[in-house]
Amino acid sequence: MCGIIGYVGTENASRRLIEGLKILEYRGYDSSGICLLSRGEISIIRAVGRVENLENKVTDKDESFCGIGHTRWATHGSVSEENAHPHRVGRVTLVHNGIIENYLELRTRLEGEGYSFKSQTDTEVACALFDKYYVENVHPCVAIYRAVREIRGSYAFGIMFDGYEGRIFGLRHRSPLLVGLGSDGLYLSSDITALLPFTKTYSLIEEAEVVELREKEAIFYTHDGICDPVWQEATLNYDQAQKGGFSHFMLKEINEQSESVRKTIIPRISGGLPDFSHDGISRDIFQGIKQIHIVGCGSAYNVGCMGARLIEEYSRISASAFVASEYRYSPPANMQSTLVIAISQSGETADTLASVRYAKLCGCRVVSIINARETSLARESDKVIYTYAGPEIAVATTKGFATQLSILYLLSVYLGIFTSKLDTEVAKLKVDELDSSVRLIEGRLKDLGQIEELASLIYRKESCFFIGRSLDYFMCQEGALKLKEISYIHAQAYQAGELKHGTISLIEEGTPVISLMGEVRLLDKTLSNVKETKSRGAFTISLVPKNEKSPQECGDFVITLMGNSLIEYLFDELLCLQMLAYKVALLRGCDIDKPRNLAKSVTVE
Ligand code: F6R
């Protein structure tokens, strides 16, 4: 999704802006642009496609010490230079993240007042509105406050006003924006990672604050006057946001999973049992809870399905997962005594946020499982359980999912003890099994020969099916999503028993059918379904725990799952499916870290 960077200081602004934009690339974008104040003149440079295209347009003539930049992911209006940011109307130039919901109404009104527009964007309309209020003798801050009274929606703005050369103004509403304090100047960014090459000292811009950045100072305004910023030190390293020698961020992140899961679970285990006091969570939050709703999008929904199943299994508390974009539009009839668990790697997914707002309106308590820090979702939740995956840069989530699964597993065991459905010894065993899963991830990463062979057998296929039962089925959803999003092979997950109720008609000679059998209790049933597809010509690939069946019985291509318990099998399945998607995408020459049409952080509905 869109990203903002701004700089005012003693160094070459265009270089800093381009460097920042290159880091923001991971969020997904389709065009980019910068605005520079060069020899007293505003110059705007924009390009469609890669930031490199923009960089190629910047010349030495464009030397400047102040500017704003943006990566755009189109929402209003097509992908074009005219629609790319920055936008300039009258004496105001700005970049914008978010959506102005009432932009059509504003546009009509402003057209009536003499403004005309060159783009189809909501951003240009906001720019005109700021210009309208930026009249003689009015400070930009006052103009900003007057204009935003009329704006409905979410936004983070970086703004330059003519007459205030060498200054950048910033404000936000429901969209993140930070100020970075560097030795060479001040920075504005929607994402902390884009500040890391320049500084680790940052301050969040709060709702209703306006910042004014100058070469050597940042002034934070509120409606009541000036306030002191709260400077903080980022705990992230710049290196953590780089590829670290791997050919892709996705591969790096897959390889980081054992470390990420370890870091995530260690603070939540005490005396061999789950313990969430690290997150300020005690038994109180679960008192009186009759049901749990889990909300998330994409992979976060998939892991949520697994969490709901595990919670029901271990605690017998009724639990269901919901796709966040549907939750508030098809709300469950009963929201009473409900705990809502929101899952989001980025903490900024618009639909997940909206679900949380809906849940809170209904009086539910909300616990979120989030990876990124200082996010909107964290601020709106009653409690947050942070995963310690570190920055996830590849668009396709991997370590985000693995850490979420580990938290949900611990939570389900915790709730099992809470409802007395699990006795302490069984609970300890389950926690041990999670701990072993971490070592197992490392083992699988050293043993990828079969996955590579399998990738070479299926990478030219047009379609692929994933089948499994219960938790395996939810893992199939994740495997199919990974394959689709990065390799562009059509893939579909089915409950193994459901295929024959229609979809089996799609099986042709050689169609790959990947079956997961970590749910050992259901293995024979799934195996029968595999055979049904085999007799219709499928190329059957089965992931089966060792010693359960002879490989010949299980399929044309059999991968033996490592481990001895359900959670270990699930983690091994996850690793195999992630690596399979990665290897297939590699063979197909796809842009693995930035798949087409996708964005890392989906901040629009
Ligand atoms: C798939 C993927 C997406 C995200 C989804 C939610 O690999 O990454 O499906 O899981 O967009 O994102 P977050 O977790 O940031 O809310």
# chains A, B, ... in the order shown; residues from 1 in each chain; ligands from 1

call {"tool": "residues_near_ligand", "arguments": {"ligand": "ligand 1", "cutoff": "7 Å", "atoms": "only C-alpha atoms and all ligand atoms", "output": "tab-separated table (two decimals) with N, CA, C and O atoms, in the first residue's frame"}}
result
chain	number	residue	atom	x	y	z
A	296	GLY	N	-9.64	-11.90	10.79
A	296	GLY	CA	-8.39	-11.62	10.07
A	296	GLY	C	-8.65	-11.73	8.58
A	296	GLY	O	-9.73	-12.15	8.15
A	297	CYS	N	-7.66	-11.35	7.80
A	297	CYS	CA	-7.80	-11.41	6.34
A	297	CYS	C	-6.70	-12.32	5.78
A	297	CYS	O	-5.59	-12.35	6.32
A	298	GLY	N	-6.99	-12.96	4.67
A	298	GLY	CA	-5.98	-13.76	3.97
A	298	GLY	C	-5.36	-14.80	4.88
A	298	GLY	O	-6.05	-15.60	5.53
A	299	SER	N	-4.04	-14.77	4.97
A	299	SER	CA	-3.35	-15.76	5.80
A	299	SER	C	-3.73	-15.62	7.26
A	299	SER	O	-3.77	-16.61	8.00
A	300	ALA	N	-3.99	-14.40	7.69
A	300	ALA	CA	-4.37	-14.21	9.09
A	300	ALA	C	-5.72	-14.88	9.37
A	300	ALA	O	-5.96	-15.40	10.47
A	343	ILE	N	-6.33	-10.81	14.29
A	343	ILE	CA	-4.97	-11.22	13.91
A	343	ILE	C	-4.51	-10.38	12.73
A	343	ILE	O	-5.20	-10.29	11.71
A	344	SER	N	-3.34	-9.78	12.86
A	344	SER	CA	-2.81	-9.00	11.74
A	344	SER	C	-1.31	-8.82	11.89
A	344	SER	O	-0.84	-8.33	12.92
A	345	GLN	N	-0.58	-9.23	10.88
A	345	GLN	CA	0.87	-9.02	10.89
A	345	GLN	C	1.16	-7.52	10.93
A	345	GLN	O	1.93	-7.05	11.74
A	346	SER	N	0.51	-6.77	10.02
A	346	SER	CA	0.83	-5.35	9.87
A	346	SER	C	0.17	-4.47	10.92
A	346	SER	O	0.65	-3.38	11.21
A	347	GLY	N	-0.95	-4.93	11.46
A	347	GLY	CA	-1.69	-4.10	12.41
A	347	GLY	C	-2.38	-2.92	11.77
A	347	GLY	O	-2.90	-2.04	12.45
A	348	GLU	N	-2.40	-2.88	10.44
A	348	GLU	CA	-3.01	-1.74	9.74
A	348	GLU	C	-4.08	-2.18	8.74
A	348	GLU	O	-4.58	-1.35	7.99
A	349	THR	N	-4.40	-3.46	8.70
A	349	THR	CA	-5.37	-3.93	7.69
A	349	THR	C	-6.75	-3.32	7.97
A	349	THR	O	-7.32	-3.52	9.06
A	352	THR	N	-9.68	-5.56	9.16
A	352	THR	CA	-9.50	-6.12	10.50
A	352	THR	C	-9.77	-5.04	11.53
A	352	THR	O	-10.44	-5.27	12.55
A	395	VAL	N	5.89	-9.65	0.38
A	395	VAL	CA	4.44	-9.46	0.42
A	395	VAL	C	3.75	-10.70	0.99
A	395	VAL	O	2.83	-10.61	1.81
A	396	ALA	N	4.21	-11.88	0.59
A	396	ALA	CA	3.58	-13.12	1.09
A	396	ALA	C	4.08	-13.37	2.51
A	396	ALA	O	5.28	-13.44	2.76
A	397	THR	N	3.15	-13.52	3.42
A	397	THR	CA	3.57	-13.73	4.81
A	397	THR	C	4.05	-15.17	5.02
A	397	THR	O	3.51	-16.11	4.46
A	398	THR	N	5.08	-15.31	5.83
A	398	THR	CA	5.59	-16.65	6.18
A	398	THR	C	5.83	-16.69	7.70
A	398	THR	O	5.08	-17.30	8.43
A	481	LEU	N	-3.10	-20.58	-0.96
A	481	LEU	CA	-2.94	-19.13	-1.06
A	481	LEU	C	-1.49	-18.77	-1.42
A	481	LEU	O	-1.24	-17.94	-2.29
A	482	LYS	N	-0.54	-19.43	-0.75
A	482	LYS	CA	0.87	-19.14	-1.02
A	482	LYS	C	1.20	-19.43	-2.49
A	482	LYS	O	1.84	-18.63	-3.16
A	600	LYS	N	1.53	-5.23	0.54
A	600	LYS	CA	1.85	-5.85	1.83
A	600	LYS	C	0.84	-5.47	2.90
A	600	LYS	O	0.43	-6.29	3.69
A	601	SER	N	0.52	-4.21	2.91
A	601	SER	CA	-0.35	-3.76	3.98
A	601	SER	C	-1.61	-3.20	3.33
A	601	SER	O	-1.54	-2.22	2.59
A	602	VAL	N	-2.76	-3.84	3.57
A	602	VAL	CA	-3.96	-3.47	2.82
A	602	VAL	C	-4.80	-2.52	3.68
A	602	VAL	O	-5.63	-2.95	4.48

call {"tool": "residues_around", "arguments": {"residues": "Asp184 of chain A", "least_positions_apart": "2", "cutoff": "8 Å", "atoms": "only C-alpha atoms", "output": "JSON list (two decimals) with all heavy atoms, in the first residue's frame"}}
result
[["chain", "number", "residue", "atom", "x", "y", "z"],
["A", 9, "GLY", "N", 16.64, 19.07, 5.67],
["A", 9, "GLY", "CA", 17.90, 19.04, 6.41],
["A", 9, "GLY", "C", 19.04, 19.61, 5.60],
["A", 9, "GLY", "O", 18.84, 20.46, 4.72],
["A", 10, "THR", "N", 20.24, 19.10, 5.88],
["A", 10, "THR", "CA", 21.43, 19.68, 5.26],
["A", 10, "THR", "C", 21.94, 18.85, 4.09],
["A", 10, "THR", "O", 22.90, 19.21, 3.43],
["A", 10, "THR", "CB", 22.55, 19.77, 6.31],
["A", 10, "THR", "OG1", 22.69, 18.48, 6.91],
["A", 10, "THR", "CG2", 22.24, 20.79, 7.38],
["A", 11, "GLU", "N", 21.35, 17.67, 3.86],
["A", 11, "GLU", "CA", 21.83, 16.78, 2.80],
["A", 11, "GLU", "C", 20.92, 16.81, 1.59],
["A", 11, "GLU", "O", 19.82, 17.37, 1.63],
["A", 11, "GLU", "CB", 21.92, 15.34, 3.34],
["A", 11, "GLU", "CG", 22.92, 15.17, 4.46],
["A", 11, "GLU", "CD", 24.35, 15.50, 4.05],
["A", 11, "GLU", "OE1", 24.75, 15.08, 2.96],
["A", 11, "GLU", "OE2", 25.04, 16.20, 4.82],
["A", 182, "GLY", "N", 17.11, 12.95, 12.73],
["A", 182, "GLY", "CA", 18.44, 12.52, 12.30],
["A", 182, "GLY", "C", 19.48, 13.58, 12.59],
["A", 182, "GLY", "O", 19.15, 14.73, 12.91],
["A", 186, "LEU", "N", 15.41, 16.41, 9.66],
["A", 186, "LEU", "CA", 14.18, 15.79, 10.15],
["A", 186, "LEU", "C", 13.51, 14.99, 9.04],
["A", 186, "LEU", "O", 13.56, 15.41, 7.88],
["A", 186, "LEU", "CB", 13.21, 16.86, 10.64],
["A", 186, "LEU", "CG", 13.30, 17.35, 12.10],
["A", 186, "LEU", "CD1", 13.01, 16.21, 13.06],
["A", 186, "LEU", "CD2", 14.62, 17.96, 12.44]]

call {"tool": "atom_distance", "arguments": {"atom1": "atom CA of Phe220 of chain A", "atom2": "atom CA of Phe161 of chain A"}}
result
16.8 Å

call {"tool": "residues_around", "arguments": {"residues": "segment 62-68 of chain A", "least_positions_apart": "3", "cutoff": "10 Å", "atoms": "only C-alpha atoms", "output": "MDAnalysis selection string"}}
result
chainID A and resid 4:18 33:45 57:59 85:86 93:95 158:160 165:169 185:189 213:215
